[in-house]
>>> print(open('coords.cif').read())   # mmCIF, C-alpha atoms and all ligand atoms
data_run
#
loop_
_atom_site.label_atom_id
_atom_site.label_comp_id
_atom_site.auth_asym_id
_atom_site.auth_seq_id
_atom_site.Cartn_x
_atom_site.Cartn_y
_atom_site.Cartn_z
CA MET U 329 13.16 28.69 -13.36
CA ARG U 330 16.83 27.85 -12.85
CA ALA U 331 19.19 26.69 -15.61
CA PHE U 332 19.63 22.93 -16.09
CA SER U 333 21.31 20.55 -18.51
CA TYR U 334 19.19 18.12 -20.54
CA VAL U 335 19.86 14.75 -22.18
CA ARG U 336 17.54 12.24 -23.86
CA PRO U 337 19.16 8.77 -23.88
CA GLN U 338 17.78 5.93 -26.01
CA THR U 339 18.38 2.98 -23.68
CA ALA U 340 17.78 2.24 -20.00
CA ALA U 341 21.49 1.56 -19.48
CA ALA U 342 22.39 4.93 -21.00
CA ALA U 343 19.84 6.67 -18.78
CA ILE U 344 21.30 5.07 -15.64
CA GLU U 345 24.79 6.03 -16.79
CA ALA U 346 23.74 9.61 -17.54
CA PHE U 347 22.21 9.91 -14.07
CA ALA U 348 25.36 8.56 -12.40
CA ALA U 349 27.57 10.90 -14.43
CA ALA U 350 25.42 13.91 -13.55
CA GLY U 351 25.60 13.13 -9.82
CA ALA U 352 23.72 15.10 -7.17
CA GLY U 353 21.06 17.33 -8.60
CA ALA U 354 20.07 14.89 -11.38
CA ARG U 355 16.42 13.92 -11.98
CA TYR U 356 14.68 11.69 -14.46
CA ILE U 357 11.84 13.33 -16.31
CA ALA U 358 9.05 11.62 -18.27
CA GLY U 359 5.82 13.48 -19.12
CA GLY U 360 7.03 16.48 -17.14
CA THR U 361 3.50 17.30 -16.01
CA THR U 362 4.46 17.64 -12.37
CA LEU U 363 8.25 18.03 -12.29
CA TYR U 364 8.22 21.12 -14.52
CA ASP U 365 5.50 22.61 -12.29
CA LEU U 366 7.65 22.10 -9.21
CA MET U 367 10.66 23.60 -10.99
CA LYS U 368 8.65 26.69 -11.90
CA LEU U 369 7.60 26.97 -8.25
CA ASP U 370 11.29 26.59 -7.31
CA ILE U 371 10.43 23.67 -5.03
CA GLU U 372 12.52 21.30 -7.18
CA GLN U 373 15.86 22.62 -8.43
CA PRO U 374 17.43 19.88 -10.56
CA LYS U 375 20.69 20.77 -12.26
CA HIS U 376 20.48 17.93 -14.79
CA LEU U 377 17.40 16.41 -16.40
CA ILE U 378 17.56 12.94 -17.91
CA ASP U 379 14.53 12.64 -20.17
CA VAL U 380 13.53 8.96 -20.31
CA THR U 381 10.80 9.25 -22.93
CA ALA U 382 13.01 7.89 -25.74
CA VAL U 383 14.16 4.86 -23.76
CA GLN U 384 13.19 1.74 -25.69
CA GLY U 385 11.16 -1.14 -24.28
CA MET U 386 9.27 0.78 -21.60
CA ASP U 387 6.04 1.63 -23.42
CA ALA U 388 4.05 -1.61 -23.69
CA ILE U 389 0.91 -2.93 -22.03
CA GLU U 390 1.15 -6.73 -21.74
CA ILE U 391 -1.62 -8.91 -20.31
CA ARG U 392 -0.39 -12.46 -20.40
CA GLY U 393 0.45 -15.46 -18.24
CA ASP U 394 -0.24 -14.71 -14.60
CA GLN U 395 0.42 -10.98 -14.68
CA LEU U 396 -0.27 -7.60 -16.23
CA ARG U 397 2.86 -5.64 -17.10
CA PHE U 398 2.85 -1.93 -17.83
CA GLY U 399 5.98 -0.19 -19.08
CA ALA U 400 6.76 2.91 -17.00
CA LEU U 401 6.38 5.13 -20.09
CA VAL U 402 2.83 4.05 -20.94
CA PRO U 403 0.63 7.16 -20.88
CA MET U 404 -2.08 7.19 -18.22
CA SER U 405 -4.72 7.57 -20.94
CA ALA U 406 -3.64 4.35 -22.71
CA ILE U 407 -4.37 2.15 -19.68
CA ALA U 408 -7.54 4.08 -18.85
CA ALA U 409 -8.88 3.18 -22.32
CA ASP U 410 -7.40 -0.29 -22.78
CA PRO U 411 -10.29 -2.72 -23.47
CA GLY U 412 -8.62 -5.66 -21.70
CA VAL U 413 -7.83 -3.64 -18.56
CA LEU U 414 -11.31 -2.10 -18.54
CA ARG U 415 -12.93 -5.51 -18.76
CA GLU U 416 -10.69 -7.51 -16.43
CA TYR U 417 -9.32 -4.87 -14.02
CA PRO U 418 -11.71 -1.88 -13.96
CA VAL U 419 -10.10 -0.64 -10.71
CA LEU U 420 -6.88 0.07 -12.62
CA ALA U 421 -8.53 1.78 -15.60
CA GLU U 422 -10.84 3.85 -13.39
CA SER U 423 -8.04 5.04 -11.11
CA LEU U 424 -6.37 6.57 -14.15
CA ALA U 425 -9.52 7.78 -15.91
CA ARG U 426 -10.54 9.73 -12.78
CA ALA U 427 -7.13 11.40 -12.42
CA ALA U 428 -6.16 14.82 -13.82
CA SER U 429 -7.52 15.81 -17.28
CA GLN U 430 -7.48 14.09 -20.68
CA GLN U 431 -4.62 16.34 -21.87
CA LEU U 432 -2.56 15.55 -18.78
CA ARG U 433 -3.34 11.84 -19.03
CA ASN U 434 -2.11 11.83 -22.64
CA MET U 435 1.20 13.40 -21.60
CA ALA U 436 1.78 11.86 -18.17
CA THR U 437 3.28 8.40 -17.70
CA VAL U 438 2.28 5.70 -15.24
CA GLY U 439 5.86 5.63 -13.90
CA GLY U 440 5.91 9.38 -13.23
CA ASN U 441 2.49 9.16 -11.62
CA LEU U 442 3.89 6.95 -8.87
CA LEU U 443 6.50 9.52 -7.90
CA GLN U 444 4.47 12.72 -7.94
CA ARG U 445 4.81 14.81 -4.80
CA THR U 446 2.11 15.97 -2.43
CA ARG U 447 -0.35 18.73 -3.31
CA CYS U 448 -0.28 20.00 0.31
CA LEU U 449 -0.93 23.74 -0.01
CA TYR U 450 1.84 24.62 2.41
CA PHE U 451 4.35 22.47 0.52
CA ARG U 452 3.44 24.08 -2.81
CA ASN U 453 2.69 27.65 -1.79
CA GLY U 454 5.86 28.03 0.16
CA ALA U 455 8.18 28.18 -2.85
CA GLY U 456 11.45 29.90 -2.12
CA GLY U 457 12.40 28.27 1.20
CA THR U 458 12.14 29.80 4.65
CA SER U 459 15.37 31.71 4.14
CA ALA U 460 13.63 33.71 1.40
CA GLY U 461 11.25 34.94 4.09
CA ASN U 462 8.18 34.45 1.92
CA THR U 463 7.01 31.06 2.87
CA TYR U 464 5.35 28.70 5.28
CA PRO U 465 7.46 26.15 7.13
CA CYS U 466 7.29 22.68 5.57
CA ASN U 467 9.39 19.75 6.75
CA LYS U 468 8.95 18.00 3.42
CA ARG U 469 10.26 20.93 1.38
CA ASP U 470 12.67 22.38 3.92
CA PRO U 471 13.61 19.68 6.50
CA GLY U 472 13.49 20.88 10.11
CA SER U 473 11.52 24.04 9.34
CA GLY U 474 8.24 22.80 10.88
CA CYS U 475 4.77 22.04 9.53
CA ALA U 476 2.33 24.89 9.00
CA ALA U 477 -0.47 22.46 8.18
CA ILE U 478 -0.58 21.15 11.75
CA GLY U 479 -3.05 23.46 13.44
CA GLY U 480 -3.39 25.36 10.16
CA ALA U 481 -5.86 25.13 7.28
CA ASP U 482 -5.87 21.36 7.05
CA ARG U 483 -9.07 20.57 5.16
CA GLY U 484 -7.14 18.54 2.58
CA GLN U 485 -4.68 16.88 4.95
CA ALA U 486 -4.37 13.25 6.02
CA VAL U 487 -6.29 11.60 8.84
CA LEU U 488 -4.25 8.37 8.63
CA GLY U 489 -0.48 7.91 8.79
CA GLN U 490 0.41 11.44 9.88
CA SER U 491 3.30 12.30 12.18
CA ALA U 492 4.22 15.29 14.32
CA SER U 493 6.32 16.44 11.33
CA CYS U 494 3.90 16.09 8.41
CA THR U 495 0.25 15.50 7.53
CA ALA U 496 0.53 15.78 3.74
CA VAL U 497 -1.66 13.47 1.67
CA SER U 498 -0.22 11.09 -0.90
CA PRO U 499 -1.90 12.49 -4.03
CA GLY U 500 -1.95 9.74 -6.68
CA ASP U 501 -4.96 7.61 -7.58
CA TRP U 502 -3.14 4.89 -9.55
CA PRO U 503 -0.89 3.84 -6.62
CA VAL U 504 -3.99 3.24 -4.49
CA ALA U 505 -5.38 0.78 -7.05
CA LEU U 506 -1.97 -0.87 -7.37
CA VAL U 507 -1.64 -1.31 -3.60
CA ALA U 508 -5.06 -3.00 -3.47
CA LEU U 509 -3.86 -5.49 -6.11
CA ASP U 510 -0.43 -6.20 -4.51
CA ALA U 511 1.44 -4.80 -7.49
CA HIS U 512 5.17 -4.22 -7.61
CA VAL U 513 7.50 -2.00 -9.60
CA GLU U 514 10.59 -3.12 -11.44
CA VAL U 515 13.48 -0.71 -11.02
CA LEU U 516 16.92 -0.48 -12.56
CA GLY U 517 19.92 1.24 -11.07
CA GLN U 518 23.69 1.15 -11.04
CA SER U 519 23.64 -1.98 -8.87
CA GLY U 520 21.23 -3.78 -11.22
CA ALA U 521 17.52 -4.58 -11.31
CA ARG U 522 15.21 -5.26 -8.38
CA SER U 523 11.53 -5.22 -7.61
CA ILE U 524 9.69 -3.33 -4.86
CA ALA U 525 6.09 -3.82 -3.73
CA VAL U 526 4.18 -0.63 -4.51
CA ALA U 527 3.06 -0.63 -0.87
CA ASP U 528 6.74 -0.47 0.17
CA LEU U 529 7.65 2.25 -2.33
CA TYR U 530 6.06 4.90 -0.10
CA ARG U 531 7.56 5.93 3.24
CA LEU U 532 5.46 7.09 6.16
CA PRO U 533 6.52 10.65 7.04
CA GLY U 534 7.77 9.95 10.58
CA LYS U 535 10.54 12.43 11.40
CA THR U 536 11.83 12.51 7.82
CA PRO U 537 8.91 13.50 5.57
CA HIS U 538 11.33 14.76 2.90
CA ARG U 539 12.33 11.11 2.26
CA GLU U 540 9.24 9.99 0.38
CA PHE U 541 10.15 6.95 -1.72
CA GLU U 542 12.15 3.76 -1.15
CA LEU U 543 14.31 4.28 -4.22
CA LYS U 544 18.10 4.45 -4.24
CA GLN U 545 19.84 7.38 -5.86
CA GLY U 546 19.60 7.00 -9.65
CA GLU U 547 17.12 4.11 -9.70
CA MET U 548 14.64 4.28 -12.56
CA ILE U 549 11.21 2.63 -12.61
CA THR U 550 11.04 0.48 -15.74
CA ALA U 551 7.71 -1.31 -15.29
CA ILE U 552 4.72 -1.90 -13.05
CA VAL U 553 3.61 -5.50 -12.60
CA VAL U 554 0.21 -6.57 -11.31
CA PRO U 555 -0.35 -10.25 -10.40
CA LYS U 556 -3.56 -11.58 -11.89
CA THR U 557 -6.37 -12.19 -9.41
CA PRO U 558 -9.94 -13.43 -9.79
CA ALA U 559 -10.92 -10.28 -7.86
CA GLY U 560 -9.81 -8.12 -10.81
CA ALA U 561 -13.12 -8.10 -12.69
CA CYS U 562 -15.16 -7.45 -9.55
CA SER U 563 -13.42 -4.18 -8.74
CA THR U 564 -13.77 -0.42 -8.82
CA TYR U 565 -11.98 2.82 -8.02
CA TYR U 566 -14.40 5.24 -6.42
CA LYS U 567 -13.26 8.82 -5.90
CA ILE U 568 -14.88 11.81 -4.21
CA CYS U 569 -13.51 15.27 -5.04
CA ASP U 570 -14.56 18.90 -4.84
CA ARG U 571 -15.25 18.80 -8.61
CA GLU U 572 -16.55 15.85 -10.58
CA SER U 573 -13.39 15.79 -12.71
CA TYR U 574 -9.92 17.33 -12.82
CA ALA U 575 -9.43 17.34 -9.06
CA PHE U 576 -7.48 15.38 -6.50
CA ALA U 577 -9.33 13.01 -4.15
CA LEU U 578 -10.79 14.14 -0.85
CA ALA U 579 -11.41 10.44 -0.28
CA SER U 580 -11.15 7.45 -2.56
CA ALA U 581 -11.31 3.69 -2.34
CA ALA U 582 -9.91 0.96 -4.54
CA VAL U 583 -11.87 -2.23 -3.97
CA ALA U 584 -11.55 -5.69 -5.51
CA LEU U 585 -13.69 -8.62 -4.39
CA GLU U 586 -13.63 -12.34 -4.78
CA MET U 587 -17.22 -13.44 -4.21
CA ASP U 588 -19.01 -16.73 -3.78
CA GLY U 589 -22.55 -15.73 -4.67
CA GLY U 590 -23.33 -12.94 -2.20
CA VAL U 591 -20.58 -13.98 0.23
CA VAL U 592 -17.19 -12.27 0.30
CA LYS U 593 -14.38 -14.81 -0.07
CA GLN U 594 -11.69 -12.14 -0.14
CA ALA U 595 -11.79 -8.34 -0.12
CA ARG U 596 -9.00 -5.99 -1.10
CA ILE U 597 -9.40 -2.38 -0.03
CA ALA U 598 -7.01 0.57 -0.33
CA LEU U 599 -7.68 4.21 0.50
CA GLY U 600 -6.62 7.43 -1.23
CA GLY U 601 -6.98 11.13 -0.39
CA VAL U 602 -7.03 10.46 3.35
CA ALA U 603 -3.56 9.14 4.22
CA THR U 604 0.10 10.07 3.92
CA VAL U 605 0.75 6.99 1.79
CA PRO U 606 -1.56 4.79 -0.33
CA TRP U 607 -3.31 3.02 2.54
CA ARG U 608 -4.23 -0.66 2.66
CA ALA U 609 -7.25 -1.19 4.91
CA THR U 610 -6.48 -4.71 6.14
CA ALA U 611 -8.77 -4.67 9.19
CA ALA U 612 -11.70 -3.64 6.99
CA GLU U 613 -10.83 -6.44 4.56
CA ALA U 614 -10.82 -8.99 7.40
CA SER U 615 -14.17 -7.73 8.69
CA LEU U 616 -15.80 -8.81 5.42
CA ALA U 617 -14.29 -12.26 4.92
CA GLY U 618 -16.86 -15.06 4.84
CA ARG U 619 -19.82 -12.73 5.29
CA THR U 620 -22.76 -11.86 3.06
CA LEU U 621 -22.22 -8.36 1.70
CA THR U 622 -25.03 -5.93 2.47
CA PRO U 623 -25.02 -2.12 2.44
CA GLU U 624 -24.98 -2.18 6.26
CA LEU U 625 -21.97 -4.51 6.39
CA ALA U 626 -20.21 -2.39 3.75
CA LEU U 627 -20.68 0.74 5.87
CA ALA U 628 -19.48 -1.07 8.98
CA ALA U 629 -16.34 -2.11 7.05
CA GLY U 630 -15.88 1.53 6.02
CA HIS U 631 -15.93 2.55 9.67
CA VAL U 632 -13.41 -0.17 10.52
CA ALA U 633 -11.11 1.30 7.85
CA PHE U 634 -11.10 4.63 9.71
CA ALA U 635 -11.04 3.29 13.30
CA ASP U 636 -7.51 4.67 13.83
CA ALA U 637 -8.07 7.97 12.00
CA LYS U 638 -7.01 11.16 13.79
CA PRO U 639 -8.62 14.38 12.59
CA GLY U 640 -6.97 17.78 12.67
CA ARG U 641 -8.70 21.17 12.75
CA ASP U 642 -10.79 21.12 9.54
CA ASN U 643 -10.48 17.60 8.11
CA GLY U 644 -12.64 15.53 10.47
CA TYR U 645 -15.26 15.25 7.72
CA LYS U 646 -12.90 12.89 5.88
CA ILE U 647 -13.58 10.12 8.39
CA GLU U 648 -17.29 9.74 7.65
CA LEU U 649 -16.77 10.65 3.98
CA GLY U 650 -14.03 8.03 3.71
CA ALA U 651 -16.12 5.34 5.42
CA ARG U 652 -19.02 6.00 3.05
CA THR U 653 -16.67 6.03 0.07
CA VAL U 654 -15.48 2.54 1.04
CA ALA U 655 -19.08 1.37 1.51
CA ASP U 656 -20.16 2.69 -1.90
CA ALA U 657 -17.09 1.21 -3.59
CA LEU U 658 -17.83 -2.19 -2.05
CA MET U 659 -21.39 -2.16 -3.36
CA ILE U 660 -20.29 -0.98 -6.84
CA ALA U 661 -17.66 -3.73 -7.03
CA ALA U 662 -20.13 -6.36 -5.77
CA GLY U 663 -22.57 -5.26 -8.47
CA ARG U 664 -19.98 -6.33 -11.06
CA ASN U 665 -19.95 -9.85 -9.62
CA ALA U 666 -22.63 -11.16 -11.93
CA ALA U 667 -21.51 -9.13 -14.95
C1 LIG U 701 -3.71 20.11 -12.76
C2 LIG U 701 -3.31 18.70 -12.40
C3 LIG U 701 -4.25 17.84 -11.88
C4 LIG U 701 -3.88 16.54 -11.53
N1 LIG U 701 -4.81 15.69 -11.00
C5 LIG U 701 -4.42 14.43 -10.63
C6 LIG U 701 -5.34 13.52 -10.04
O1 LIG U 701 -6.51 13.82 -9.85
N2 LIG U 701 -4.88 12.28 -9.70
C7 LIG U 701 -3.59 11.89 -9.90
O2 LIG U 701 -3.23 10.75 -9.59
N3 LIG U 701 -2.68 12.74 -10.45
C8 LIG U 701 -3.08 13.99 -10.81
N4 LIG U 701 -2.17 14.85 -11.35
C9 LIG U 701 -0.78 14.47 -11.39
C10 LIG U 701 -0.42 13.78 -12.69
O3 LIG U 701 -1.07 12.54 -12.73
C11 LIG U 701 1.10 13.63 -12.65
O4 LIG U 701 1.62 14.92 -12.91
C12 LIG U 701 1.63 12.67 -13.67
O5 LIG U 701 1.12 11.37 -13.50
C13 LIG U 701 3.14 12.59 -13.56
O6 LIG U 701 3.64 11.82 -14.64
P1 LIG U 701 4.78 12.43 -15.57
O7 LIG U 701 5.18 11.35 -16.51
O8 LIG U 701 4.37 13.72 -16.18
O9 LIG U 701 5.91 12.66 -14.47
P2 LIG U 701 7.11 13.72 -14.44
O10 LIG U 701 6.59 15.07 -14.10
O11 LIG U 701 7.95 13.59 -15.65
O12 LIG U 701 7.92 13.13 -13.21
C14 LIG U 701 7.36 13.03 -11.93
C15 LIG U 701 8.42 12.48 -10.97
O13 LIG U 701 8.72 11.13 -11.30
C16 LIG U 701 10.11 10.98 -11.60
N5 LIG U 701 10.11 10.01 -12.70
C17 LIG U 701 9.37 10.04 -13.83
N6 LIG U 701 9.52 8.90 -14.52
C18 LIG U 701 10.38 8.13 -13.81
C19 LIG U 701 10.91 6.81 -13.98
N7 LIG U 701 10.57 6.04 -15.01
N8 LIG U 701 11.77 6.34 -13.04
C20 LIG U 701 12.10 7.09 -11.96
N9 LIG U 701 11.65 8.34 -11.76
C21 LIG U 701 10.78 8.84 -12.67
C22 LIG U 701 10.61 12.36 -11.93
O14 LIG U 701 11.98 12.50 -11.59
C23 LIG U 701 9.74 13.23 -11.04
O15 LIG U 701 10.29 13.28 -9.74
C24 LIG U 701 -2.54 16.13 -11.73
C25 LIG U 701 -1.60 17.01 -12.28
C26 LIG U 701 -1.97 18.29 -12.60
C27 LIG U 701 -0.93 19.21 -13.17
#
>>> encode(input="coords.cif", output="structure tokens", more="lines below")
Ligand SMILES: Cc1cc2nc3c(=O)[nH]c(=O)nc-3n(C[C@H](O)[C@H](O)[C@H](O)COP(=O)(O)OP(=O)(O)OC[C@H]3O[C@@H](n4cnc5c(N)ncnc54)[C@H](O)[C@@H]3O)c2cc1C
Amino acid sequence: MRAFSYVRPQTAAAAIEAFAAAGAGARYIAGGTTLYDLMKLDIEQPKHLIDVTAVQGMDAIEIRGDQLRFGALVPMSAIAADPGVLREYPVLAESLARAASQQLRNMATVGGNLLQRTRCLYFRNGAGGTSAGNTYPCNKRDPGSGCAAIGGADRGQAVLGQSASCTAVSPGDWPVALVALDAHVEVLGQSGARSIAVADLYRLPGKTPHREFELKQGEMITAIVVPKTPAGACSTYYKICDRESYAFALASAAVALEMDGGVVKQARIALGGVATVPWRATAAEASLAGRTLTPELALAAGHVAFADAKPGRDNGYKIELGARTVADALMIAAGRNAA
């Protein structure tokens, strides 16, 4: 690991100032569960770390008025176990409970979770850069070097949202649930505060896969805000992985339903594990509106969600797996309708 400076400011304003003073090469750090990993792999080389864990006012869960508000420093485990969230928004609690391990969830923050980087094997195994001669090309890690995953071992890669430069999957579970619920993040930077829809926080790879997030230099996430919806209680996060726990999604679906008896008034569906960004499945949502939900209709909606999917060499299985994941999630969520 390379040498770096470290500060731990007590206020958001001081953190922003510390970042600005440090200039290029500065990074915020919260739980450190992924940034330290990437530093050890030499994929991230920050010169200055601004530890935000002592910043006041960013660690509360508030469910009131017409929104849920989560401070960026709330540990993943706290929301996963919060009785109000579990009861009224199971999709949020489950997306966090199914991520990582209990130890990681205790350490990791919900702000840091949003900005974790891909687990693409070529991105992570190629530490050192192409100039070191010991690595695979990766446009995300080393812009312009190429993408070894295209035509390579791509079992874990995306089938939606890829480009000729990158097929890396967006790894987080929590952002998928947030996208389904139209959440936004509050951010603070040198030019003040603003809010960004979680769906807009993530950039499609296009020709610039190294530019992953719509954040300006030095902007810090302070909170995540979820508008209340009647669909919240009738929701689930359903995740399929190689192992039952402690593994990233091969396919996942966040589903929230507003039902009128057995008829779908409104469906919200987002996909994880299959796309380069948390993926809202709007056509699948529309295919359900006003119709009586049956297992057959749920599976048809799952297939609609993957109508534009493009498989690579080894990841074609994700299309049927993903469709069935959506179908199962729809039926699980619908089963909570009467609860
Ligand atoms: C073995 C393992 C398994 C995992 N499995 C899963 C899984 O199944 N599903 C899943 O979703 N995740 C999984 N994770 C990832 C884990 O959830 C993330 O590491 C964690 O959420 C990151 O949070 P953190 O607070 O530790 O972030 P950090 O490591 O501190 O930071 C992550 C990034 O966010 C930036 N950052 C942090 N806080 C802020 C802020 N407030 N404002 C602006 N920038 C900020 C940092 O600069 C850094 O770039 C796994 C991780 C490991 C190591």
>>> residues_near_point(input="coords.cif", point="(0.8, -1.9, -20.3)", cutoff="12 Å", atoms="only C-alpha atoms", output="PDB file with C-alpha atoms, in the frame of the given file")
ATOM      1  CA  GLY U 385      11.160  -1.140 -24.280  1.00  0.00           C
ATOM      2  CA  MET U 386       9.270   0.780 -21.600  1.00  0.00           C
ATOM      3  CA  ASP U 387       6.040   1.630 -23.420  1.00  0.00           C
ATOM      4  CA  ALA U 388       4.050  -1.610 -23.690  1.00  0.00           C
ATOM      5  CA  ILE U 389       0.910  -2.930 -22.030  1.00  0.00           C
ATOM      6  CA  GLU U 390       1.150  -6.730 -21.740  1.00  0.00           C
ATOM      7  CA  ILE U 391      -1.620  -8.910 -20.310  1.00  0.00           C
ATOM      8  CA  ARG U 392      -0.390 -12.460 -20.400  1.00  0.00           C
ATOM      9  CA  GLN U 395       0.420 -10.980 -14.680  1.00  0.00           C
ATOM     10  CA  LEU U 396      -0.270  -7.600 -16.230  1.00  0.00           C
ATOM     11  CA  ARG U 397       2.860  -5.640 -17.100  1.00  0.00           C
ATOM     12  CA  PHE U 398       2.850  -1.930 -17.830  1.00  0.00           C
ATOM     13  CA  GLY U 399       5.980  -0.190 -19.080  1.00  0.00           C
ATOM     14  CA  ALA U 400       6.760   2.910 -17.000  1.00  0.00           C
ATOM     15  CA  LEU U 401       6.380   5.130 -20.090  1.00  0.00           C
ATOM     16  CA  VAL U 402       2.830   4.050 -20.940  1.00  0.00           C
ATOM     17  CA  PRO U 403       0.630   7.160 -20.880  1.00  0.00           C
ATOM     18  CA  MET U 404      -2.080   7.190 -18.220  1.00  0.00           C
ATOM     19  CA  SER U 405      -4.720   7.570 -20.940  1.00  0.00           C
ATOM     20  CA  ALA U 406      -3.640   4.350 -22.710  1.00  0.00           C
ATOM     21  CA  ILE U 407      -4.370   2.150 -19.680  1.00  0.00           C
ATOM     22  CA  ALA U 408      -7.540   4.080 -18.850  1.00  0.00           C
ATOM     23  CA  ALA U 409      -8.880   3.180 -22.320  1.00  0.00           C
ATOM     24  CA  ASP U 410      -7.400  -0.290 -22.780  1.00  0.00           C
ATOM     25  CA  PRO U 411     -10.290  -2.720 -23.470  1.00  0.00           C
ATOM     26  CA  GLY U 412      -8.620  -5.660 -21.700  1.00  0.00           C
ATOM     27  CA  VAL U 413      -7.830  -3.640 -18.560  1.00  0.00           C
ATOM     28  CA  LEU U 420      -6.880   0.070 -12.620  1.00  0.00           C
ATOM     29  CA  ALA U 421      -8.530   1.780 -15.600  1.00  0.00           C
ATOM     30  CA  THR U 437       3.280   8.400 -17.700  1.00  0.00           C
ATOM     31  CA  VAL U 438       2.280   5.700 -15.240  1.00  0.00           C
ATOM     32  CA  GLY U 439       5.860   5.630 -13.900  1.00  0.00           C
ATOM     33  CA  THR U 550      11.040   0.480 -15.740  1.00  0.00           C
ATOM     34  CA  ALA U 551       7.710  -1.310 -15.290  1.00  0.00           C
ATOM     35  CA  ILE U 552       4.720  -1.900 -13.050  1.00  0.00           C
ATOM     36  CA  VAL U 553       3.610  -5.500 -12.600  1.00  0.00           C
ATOM     37  CA  VAL U 554       0.210  -6.570 -11.310  1.00  0.00           C
TER      38      VAL U 554
END
>>> residues_near_point(input="coords.cif", point="(8.9, 7.8, 10.9)", cutoff="12 Å", atoms="only C-alpha atoms", output="list in words")
Gly489, Gln490, Ser491, Ala492, Ser493, Cys494, Tyr530, Arg531, Leu532, Pro533, Gly534, Lys535, Thr536, Pro537, His538, Arg539, Glu540 and Thr604 of chain U
>>> residues_around(input="coords.cif", residues="range 609-615 of chain U", least_positions_apart="2", cutoff="8 Å", atoms="all atoms listed in the file", output="JSON, numbers by chain")
{"U": [594, 595, 596, 597, 598, 599, 607, 617, 629, 630, 631, 632, 633]}
>>> residues_near_ligand(input="coords.cif", ligand="ligand LIG 701 (chain U)", cutoff="8 Å", atoms="all atoms listed in the file", output="number ranges by chain")
U: 355-365, 380, 400-401, 403-404, 423-424, 426-429, 432-433, 435-445, 499-503, 515, 546-551, 573-577
>>> atom_distance(input="coords.cif", atom1="CA of Ser580 in chain U", atom2="CA of Gly600 in chain U")
4.7 Å
>>> atom_distance(input="coords.cif", atom1="CA of Ser498 in chain U", atom2="CA of Thr564 in chain U")
19.5 Å
>>> residues_around(input="coords.cif", residues="Asp528 in chain U", least_positions_apart="3", cutoff="9 Å", atoms="all atoms listed in the file", output="list of chain:residue names")
U:His512, U:Ile524, U:Ala525, U:Arg531, U:Phe541, U:Glu542
>>> axis_aligned_box(input="coords.cif", around="range 372-378 of chain U", padding_each_side="5 Å", output="lines of an AutoDock Vina configuration file")
center_x = 16.6
center_y = 17.8
center_z = -12.5
size_x = 18.2
size_y = 19.7
size_z = 20.7
